[in-house]
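In what follows, a single structure is set out as structure tokens and then discussed.
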Amino acid sequence: MSGPVALIRRPGPLLAEGLVTHLERQAIDLDLALSQWESYAAALRSAGWQTLEVPPADDCPDAVFVEDAVVLYDDLAVLTNPGAASRKPEVAAVEEVVRDLGYRVARISDPATLDGGDVLKHDRTAYVGLGGRTNGEGVRQLAGQLAQFGVRTQAVPVERALHLKSAVTALPDGTVIGWDPVVDDAAAFERYEGMPEEPGAHVVLLGGNRLLLAASAPVTAQLLRARGYAVTTVDISEFEKLEGCVTCLSVRCRR
């Protein structure tokens with residue numbers, strides 16, 4: 001495929017049974033979730049990304065959160081070993097797709113656990129959330145794989161959120177943005193700024209000054225637009241009920 005590619009995975013029939021850790025379970029409207037997912041994919045395409053669907057994993061309720069299955073860096077795809085046992089089968093089909101795209105493949109193996117949503121990459125640094133889904137051995141194994149690129153890997157504690165990227169993401173200039181009540185250690189980042197809404201902590205970098213943000217963060221969207229960013233918003237309310245955010249619904253292939 002030519003041009004930037006984003007991996008996505010269609011929500012399955014068991015979505016409503018997805019894991020929740022820090023939220024109370026709410027009813028999920030499956031039809032609305034599918035419509036929202038299609039709008040999310042359309043937003044990526046409108047920004048110039050080609051979307052590539054990973055084969056569905058209908059027995060895995062959380063498979064739509066495809067970011068957790070793989071960490072990409074340059075020509076390397078590191079297949080994760082998810083911290084929740086129910087999510088481990090999600091990885092196999094992702095491996096087939098990244099191999100077909102020409103990536104070299106490595107994997108995180110027991111006793112290590114690692115979820116892709118715990119990995120925030122910017123420039124030559126990889127911040128890795130150390131908490132409920134990713135353990136110390138997972139951080140160590142990932143660091144070993146990324147060292148070939150001269151990447152510095154830094155563990156960051158995660159206790160108040162599901163994943164590191166449930167609490168923070170990074171703007172194009174490297175500023176890490178977050179929602180203060182769920183950020184365990186803001187001092188871990190060279191430049192950190194709190195956002196006014198929890199969903200405002202999650203941005204997908206679409207290239208240049210373009211950002212993708214959840215529609216549930218209108219104040220943050222206004223703030224970022226005032227700084228010169230072109231912000232596209234999408235409604236992902238059904239996925240937010242499962243602790244999902246805009247980052248975890250795709251894997252952006254940037255090489």
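Identifiers in this document derive from the order of the structure tokens: chains are assigned A, B, ..., residues are numbered from 1 separately in each chain, and ligands are numbered from 1 in order of occurrence.
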Select from segment 105-156 of chain A every residue with an atom at most 10 Å from any atom of segment 71-94 of chain A, then for each give the shortest pair of atoms and their distance in Å to one decimal, using only C-alpha atoms, rows by chain and rising number, as a tab-separated table.
```
residue	atom	partner	partner_atom	distance
A:Val105	CA	A:Ala77	CA	4.9
A:Ala106	CA	A:Val78	CA	4.8
A:Arg107	CA	A:Leu79	CA	4.5
A:Ile108	CA	A:Thr80	CA	5.2
A:Ser109	CA	A:Asn81	CA	6.3
A:Asp110	CA	A:Asn81	CA	7.5
A:Pro111	CA	A:Asn81	CA	9.1
A:Ala112	CA	A:Asn81	CA	7.0
A:Thr113	CA	A:Asn81	CA	5.0
A:Leu114	CA	A:Pro82	CA	5.3
A:Asp115	CA	A:Pro82	CA	5.0
A:Gly116	CA	A:Val71	CA	5.6
A:Gly117	CA	A:Val71	CA	8.8
A:Asp118	CA	A:Val71	CA	9.7
A:Val119	CA	A:Val71	CA	7.5
A:Leu120	CA	A:Val71	CA	9.7
A:Lys121	CA	A:Tyr73	CA	8.8
A:Gly131	CA	A:Gly83	CA	9.7
A:Gly132	CA	A:Gly83	CA	7.3
A:Arg133	CA	A:Gly83	CA	4.2
A:Thr134	CA	A:Gly83	CA	6.0
A:Asn135	CA	A:Gly83	CA	8.1
A:Gly138	CA	A:Asn81	CA	8.2
A:Gln141	CA	A:Val78	CA	9.8
A:Leu142	CA	A:Val78	CA	7.7
A:Gln145	CA	A:Val78	CA	7.8
A:Leu146	CA	A:Tyr73	CA	7.6
A:Phe149	CA	A:Asp74	CA	8.2
A:Val151	CA	A:Tyr73	CA	9.7
```
Produce a file of the selected residues containing C-alpha atoms, as a tab-separated table (two decimals), in the first residue's frame.
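Final output, again-v2.tsv:
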```tsv
chain	number	residue	atom	x	y	z
A	105	VAL	CA	8.52	-9.11	13.69
A	106	ALA	CA	9.60	-9.54	17.29
A	107	ARG	CA	7.47	-10.51	20.25
A	108	ILE	CA	7.07	-9.95	23.96
A	109	SER	CA	7.08	-13.33	25.72
A	110	ASP	CA	6.23	-14.71	29.17
A	111	PRO	CA	6.71	-13.81	31.94
A	112	ALA	CA	6.53	-10.35	30.37
A	113	THR	CA	3.22	-8.60	29.74
A	114	LEU	CA	2.81	-5.51	27.59
A	115	ASP	CA	-0.18	-3.67	26.11
A	116	GLY	CA	0.43	-1.31	23.21
A	117	GLY	CA	-1.72	1.32	24.90
A	118	ASP	CA	1.00	1.63	27.53
A	119	VAL	CA	3.59	2.81	24.97
A	120	LEU	CA	3.89	6.51	24.14
A	121	LYS	CA	6.58	7.22	21.55
A	131	GLY	CA	0.94	-0.88	35.99
A	132	GLY	CA	-1.95	-3.30	35.75
A	133	ARG	CA	-1.48	-4.49	32.16
A	134	THR	CA	2.29	-4.05	31.59
A	135	ASN	CA	4.92	-5.41	33.98
A	138	GLY	CA	7.53	-6.23	29.52
A	141	GLN	CA	11.91	-6.68	26.69
A	142	LEU	CA	10.50	-3.74	24.74
A	145	GLN	CA	13.93	-4.34	20.97
A	146	LEU	CA	13.90	-0.54	20.61
A	149	PHE	CA	17.03	2.35	16.92
A	151	VAL	CA	15.50	4.75	21.51
```
- Item | Test item: residues at most 12 Å from Gly150 of chain A, only C-alpha atoms, excluding those fewer than 6 positions along its chain, as a list in words | Tyr73, Asp74, Asp123, Arg124, Thr125, Ala126, Ala143 and Gly144 of chain A
Expected file: the selected residues, N, CA and C atoms, as a short mmCIF file (atom, residue, chain, number, x, y, z; two decimals), in the first residue's frame:
```cif
data_model
loop_
_atom_site.label_atom_id
_atom_site.label_comp_id
_atom_site.auth_asym_id
_atom_site.auth_seq_id
_atom_site.Cartn_x
_atom_site.Cartn_y
_atom_site.Cartn_z
N TYR A 73 7.80 0.45 15.34
CA TYR A 73 8.86 1.46 15.31
C TYR A 73 9.71 1.21 14.08
N ASP A 74 9.75 2.18 13.20
CA ASP A 74 10.49 2.06 11.94
C ASP A 74 10.01 0.82 11.20
N ASP A 123 9.84 11.08 19.18
CA ASP A 123 11.23 11.26 18.82
C ASP A 123 12.00 9.99 19.18
N ARG A 124 12.99 10.06 20.02
CA ARG A 124 13.80 8.89 20.37
C ARG A 124 13.53 8.42 21.79
N THR A 125 12.34 8.68 22.29
CA THR A 125 11.96 8.23 23.62
C THR A 125 10.68 7.41 23.55
N ALA A 126 10.66 6.33 24.31
CA ALA A 126 9.44 5.54 24.48
C ALA A 126 9.10 5.51 25.97
N ALA A 143 12.32 -2.45 25.71
CA ALA A 143 13.52 -1.62 25.66
C ALA A 143 14.62 -2.30 24.87
N GLY A 144 14.75 -3.63 25.04
CA GLY A 144 15.76 -4.37 24.29
C GLY A 144 15.52 -4.34 22.80
#
```
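You will find atom CA of Thr153 of chain A at 17.1 Å from atom CA of Thr175 of chain A.
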- All residues 10 Å or closer to Arg191 of chain A, only C-alpha atoms, same chain fewer than 5 positions away omitted, as a VMD selection string: chain A and resid 170 173 to 177 186
Please provide the set of residues having any atom within 9 Å of Thr247 of chain A, restricted to only C-alpha atoms, with same-chain residues fewer than 3 positions apart removed, written as a PDB file with N, CA and C atoms, in the first residue's frame.
```pdb
ATOM      1  N   PHE A  65      -9.902  -2.595  20.106  1.00  0.00           N
ATOM      2  CA  PHE A  65      -8.827  -1.740  20.594  1.00  0.00           C
ATOM      3  C   PHE A  65      -7.490  -2.301  20.102  1.00  0.00           C
ATOM      4  N   GLU A  67      -4.751  -1.174  18.997  1.00  0.00           N
ATOM      5  CA  GLU A  67      -3.450  -0.631  19.375  1.00  0.00           C
ATOM      6  C   GLU A  67      -2.724  -1.501  20.401  1.00  0.00           C
ATOM      7  N   GLY A 117      -1.197   0.075  24.373  1.00  0.00           N
ATOM      8  CA  GLY A 117      -1.717   1.320  24.902  1.00  0.00           C
ATOM      9  C   GLY A 117      -0.885   1.912  26.016  1.00  0.00           C
ATOM     10  N   LYS A 165      -1.554   5.649  27.893  1.00  0.00           N
ATOM     11  CA  LYS A 165      -2.188   6.532  26.924  1.00  0.00           C
ATOM     12  C   LYS A 165      -3.677   6.735  27.212  1.00  0.00           C
ATOM     13  N   SER A 166      -4.171   6.158  28.306  1.00  0.00           N
ATOM     14  CA  SER A 166      -5.476   6.552  28.830  1.00  0.00           C
ATOM     15  C   SER A 166      -5.341   7.834  29.644  1.00  0.00           C
ATOM     16  N   THR A 169      -1.037  11.700  26.161  1.00  0.00           N
ATOM     17  CA  THR A 169      -0.499  11.506  24.812  1.00  0.00           C
ATOM     18  C   THR A 169       0.418  12.702  24.546  1.00  0.00           C
ATOM     19  N   HIS A 202      -6.223  12.755  25.029  1.00  0.00           N
ATOM     20  CA  HIS A 202      -5.972  11.734  24.012  1.00  0.00           C
ATOM     21  C   HIS A 202      -6.043  12.352  22.621  1.00  0.00           C
ATOM     22  N   VAL A 203      -4.915  12.455  21.956  1.00  0.00           N
ATOM     23  CA  VAL A 203      -4.898  12.946  20.580  1.00  0.00           C
ATOM     24  C   VAL A 203      -4.196  11.949  19.681  1.00  0.00           C
ATOM     25  N   VAL A 204      -4.711  11.801  18.472  1.00  0.00           N
ATOM     26  CA  VAL A 204      -4.043  11.038  17.423  1.00  0.00           C
ATOM     27  C   VAL A 204      -3.395  12.041  16.486  1.00  0.00           C
ATOM     28  N   LEU A 212      -6.591  14.359  15.761  1.00  0.00           N
ATOM     29  CA  LEU A 212      -7.907  13.726  15.925  1.00  0.00           C
ATOM     30  C   LEU A 212      -8.201  13.657  17.412  1.00  0.00           C
ATOM     31  N   LEU A 213      -9.403  14.074  17.795  1.00  0.00           N
ATOM     32  CA  LEU A 213      -9.781  14.208  19.193  1.00  0.00           C
ATOM     33  C   LEU A 213     -11.215  13.731  19.374  1.00  0.00           C
ATOM     34  N   GLY A 244     -12.047   3.116  26.369  1.00  0.00           N
ATOM     35  CA  GLY A 244     -11.357   3.308  25.103  1.00  0.00           C
ATOM     36  C   GLY A 244     -11.213   4.782  24.775  1.00  0.00           C
ATOM     37  N   SER A 250      -6.824   2.444  16.572  1.00  0.00           N
ATOM     38  CA  SER A 250      -6.029   2.245  15.337  1.00  0.00           C
ATOM     39  C   SER A 250      -4.559   2.143  15.691  1.00  0.00           C
ATOM     40  N   VAL A 251      -3.807   1.600  14.747  1.00  0.00           N
ATOM     41  CA  VAL A 251      -2.339   1.572  14.825  1.00  0.00           C
ATOM     42  C   VAL A 251      -1.843   2.297  13.597  1.00  0.00           C
TER      43      VAL A 251
END
```
- Message: At a cut-off of 8 Å, using only C-alpha atoms, what residues contact Gly129 of chain A? Leave out same-chain residues fewer than 6 positions from it and give the result as a ChimeraX atom specification.
- Response: /A:118-119,155-158,163-164
- Query: Running DSSP on the backbone, which parts of segment 46-128 of chain A land in strand (DSSP E or B), as a list of chain:residue names?
  - Reply: A:Gln50, A:Thr51, A:Leu52, A:Glu53, A:Val70, A:Val71, A:Leu72, A:Tyr73, A:Leu76, A:Ala77, A:Val78, A:Leu79, A:Asn81, A:Arg104, A:Val105, A:Ala106, A:Arg107, A:Leu114, A:Val119, A:Leu120, A:Lys121, A:His122, A:Thr125, A:Ala126, A:Tyr127, A:Val128
Let me see the file: selected residues, N, CA and C atoms, as a PDB file, in the first residue's frame.
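The resulting file, selection_15.pdb, is reproduced below:
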```
ATOM      1  N   GLN A  50      -4.763   5.545   4.617  1.00  0.00           N
ATOM      2  CA  GLN A  50      -5.454   4.363   4.118  1.00  0.00           C
ATOM      3  C   GLN A  50      -5.751   3.458   5.303  1.00  0.00           C
ATOM      4  N   THR A  51      -6.983   2.997   5.426  1.00  0.00           N
ATOM      5  CA  THR A  51      -7.327   2.107   6.526  1.00  0.00           C
ATOM      6  C   THR A  51      -7.255   0.657   6.048  1.00  0.00           C
ATOM      7  N   LEU A  52      -6.649  -0.166   6.882  1.00  0.00           N
ATOM      8  CA  LEU A  52      -6.485  -1.587   6.594  1.00  0.00           C
ATOM      9  C   LEU A  52      -7.085  -2.361   7.752  1.00  0.00           C
ATOM     10  N   GLU A  53      -8.121  -3.140   7.454  1.00  0.00           N
ATOM     11  CA  GLU A  53      -8.802  -3.882   8.515  1.00  0.00           C
ATOM     12  C   GLU A  53      -8.051  -5.158   8.865  1.00  0.00           C
ATOM     13  N   VAL A  70       0.138  -4.516  19.206  1.00  0.00           N
ATOM     14  CA  VAL A  70       1.427  -4.384  18.524  1.00  0.00           C
ATOM     15  C   VAL A  70       1.989  -2.986  18.759  1.00  0.00           C
ATOM     16  N   VAL A  71       3.319  -2.915  18.833  1.00  0.00           N
ATOM     17  CA  VAL A  71       4.034  -1.637  18.904  1.00  0.00           C
ATOM     18  C   VAL A  71       4.922  -1.550  17.672  1.00  0.00           C
ATOM     19  N   LEU A  72       4.749  -0.500  16.881  1.00  0.00           N
ATOM     20  CA  LEU A  72       5.529  -0.326  15.658  1.00  0.00           C
ATOM     21  C   LEU A  72       6.611   0.733  15.873  1.00  0.00           C
ATOM     22  N   TYR A  73       7.800   0.448  15.336  1.00  0.00           N
ATOM     23  CA  TYR A  73       8.861   1.463  15.311  1.00  0.00           C
ATOM     24  C   TYR A  73       9.711   1.214  14.085  1.00  0.00           C
ATOM     25  N   LEU A  76      10.092  -2.304  12.413  1.00  0.00           N
ATOM     26  CA  LEU A  76       9.912  -3.378  13.386  1.00  0.00           C
ATOM     27  C   LEU A  76       8.515  -3.352  13.972  1.00  0.00           C
ATOM     28  N   ALA A  77       7.886  -4.517  14.023  1.00  0.00           N
ATOM     29  CA  ALA A  77       6.611  -4.702  14.707  1.00  0.00           C
ATOM     30  C   ALA A  77       6.843  -5.601  15.916  1.00  0.00           C
ATOM     31  N   VAL A  78       6.641  -5.052  17.095  1.00  0.00           N
ATOM     32  CA  VAL A  78       6.787  -5.831  18.323  1.00  0.00           C
ATOM     33  C   VAL A  78       5.401  -6.300  18.744  1.00  0.00           C
ATOM     34  N   LEU A  79       5.161  -7.589  18.619  1.00  0.00           N
ATOM     35  CA  LEU A  79       3.876  -8.155  19.023  1.00  0.00           C
ATOM     36  C   LEU A  79       3.823  -8.222  20.539  1.00  0.00           C
ATOM     37  N   ASN A  81       2.231  -9.014  24.475  1.00  0.00           N
ATOM     38  CA  ASN A  81       1.698 -10.134  25.253  1.00  0.00           C
ATOM     39  C   ASN A  81       0.747  -9.507  26.264  1.00  0.00           C
ATOM     40  N   ARG A 104       9.527  -6.376   9.974  1.00  0.00           N
ATOM     41  CA  ARG A 104      10.208  -7.402  10.756  1.00  0.00           C
ATOM     42  C   ARG A 104       9.402  -7.597  12.039  1.00  0.00           C
ATOM     43  N   VAL A 105       9.373  -8.816  12.547  1.00  0.00           N
ATOM     44  CA  VAL A 105       8.518  -9.113  13.690  1.00  0.00           C
ATOM     45  C   VAL A 105       9.342  -9.614  14.873  1.00  0.00           C
ATOM     46  N   ALA A 106       9.075  -9.054  16.018  1.00  0.00           N
ATOM     47  CA  ALA A 106       9.600  -9.541  17.294  1.00  0.00           C
ATOM     48  C   ALA A 106       8.405  -9.703  18.223  1.00  0.00           C
ATOM     49  N   ARG A 107       8.611 -10.303  19.370  1.00  0.00           N
ATOM     50  CA  ARG A 107       7.467 -10.510  20.253  1.00  0.00           C
ATOM     51  C   ARG A 107       7.878 -10.387  21.717  1.00  0.00           C
ATOM     52  N   LEU A 114       2.740  -6.856  28.162  1.00  0.00           N
ATOM     53  CA  LEU A 114       2.813  -5.508  27.586  1.00  0.00           C
ATOM     54  C   LEU A 114       1.575  -5.270  26.755  1.00  0.00           C
ATOM     55  N   VAL A 119       2.355   2.336  25.612  1.00  0.00           N
ATOM     56  CA  VAL A 119       3.586   2.808  24.974  1.00  0.00           C
ATOM     57  C   VAL A 119       3.324   4.136  24.261  1.00  0.00           C
ATOM     58  N   LEU A 120       3.969   5.187  24.746  1.00  0.00           N
ATOM     59  CA  LEU A 120       3.887   6.513  24.145  1.00  0.00           C
ATOM     60  C   LEU A 120       5.252   6.846  23.562  1.00  0.00           C
ATOM     61  N   LYS A 121       5.317   6.962  22.235  1.00  0.00           N
ATOM     62  CA  LYS A 121       6.583   7.219  21.550  1.00  0.00           C
ATOM     63  C   LYS A 121       6.617   8.659  21.055  1.00  0.00           C
ATOM     64  N   HIS A 122       7.751   9.301  21.263  1.00  0.00           N
ATOM     65  CA  HIS A 122       7.988  10.596  20.629  1.00  0.00           C
ATOM     66  C   HIS A 122       9.480  10.756  20.412  1.00  0.00           C
ATOM     67  N   THR A 125      12.341   8.675  22.291  1.00  0.00           N
ATOM     68  CA  THR A 125      11.962   8.232  23.624  1.00  0.00           C
ATOM     69  C   THR A 125      10.680   7.412  23.554  1.00  0.00           C
ATOM     70  N   ALA A 126      10.656   6.335  24.314  1.00  0.00           N
ATOM     71  CA  ALA A 126       9.436   5.538  24.480  1.00  0.00           C
ATOM     72  C   ALA A 126       9.101   5.512  25.965  1.00  0.00           C
ATOM     73  N   TYR A 127       8.013   6.180  26.325  1.00  0.00           N
ATOM     74  CA  TYR A 127       7.511   6.097  27.691  1.00  0.00           C
ATOM     75  C   TYR A 127       6.614   4.865  27.771  1.00  0.00           C
ATOM     76  N   VAL A 128       6.817   4.037  28.790  1.00  0.00           N
ATOM     77  CA  VAL A 128       6.043   2.800  28.902  1.00  0.00           C
ATOM     78  C   VAL A 128       5.379   2.752  30.269  1.00  0.00           C
TER      79      VAL A 128
END
```
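Nearest to Ala230 of chain A of all the residues A:Arg210, A:Arg254, A:Arg25, A:Arg140 is A:Arg210, counting only C-alpha atoms.
Distance annotation: of A:Leu211, A:Ala57, A:Met195, A:Cys245, the residue with the minimal separation from Ala161 of chain A is A:Cys245; atom set is only C-alpha atoms.
With atom CA of Leu34 of chain A on one side and atom CA of Arg225 of chain A on the other, the separation reads 28.2 Å.
Counting only C-alpha atoms, the residue from A:Ser39, A:Glu190, A:Ala63, A:Ala33 that sits nearest to Gly18 of chain A is A:Ala63.
Within segment 131-162 of chain A, residues classed as alpha helix (DSSP H) by DSSP on backbone coordinates are Gly136, Glu137, Gly138, Val139, Arg140, Gln141, Leu142, Ala143, Gly144, Gln145 and Leu146 of chain A.
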Could you write out that same residue set with C-alpha atoms as a compact mmCIF listing (two decimals), in the first residue's frame?
```txt
# COMPACT_ATOMS: atom_id res chain seq x y z
CA GLY A 136 8.59 -4.67 34.50
CA GLU A 137 9.74 -7.54 32.31
CA GLY A 138 7.53 -6.23 29.52
CA VAL A 139 9.24 -2.84 29.79
CA ARG A 140 12.65 -4.54 29.76
CA GLN A 141 11.91 -6.68 26.69
CA LEU A 142 10.50 -3.74 24.74
CA ALA A 143 13.52 -1.62 25.66
CA GLY A 144 15.76 -4.37 24.29
CA GLN A 145 13.93 -4.34 20.97
CA LEU A 146 13.90 -0.54 20.61
```
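Shell of Leu23 of chain A at 9 Å, with only C-alpha atoms counted and residues fewer than 4 places along the chain excluded, is Lys241, Leu242 and Glu243 of chain A.
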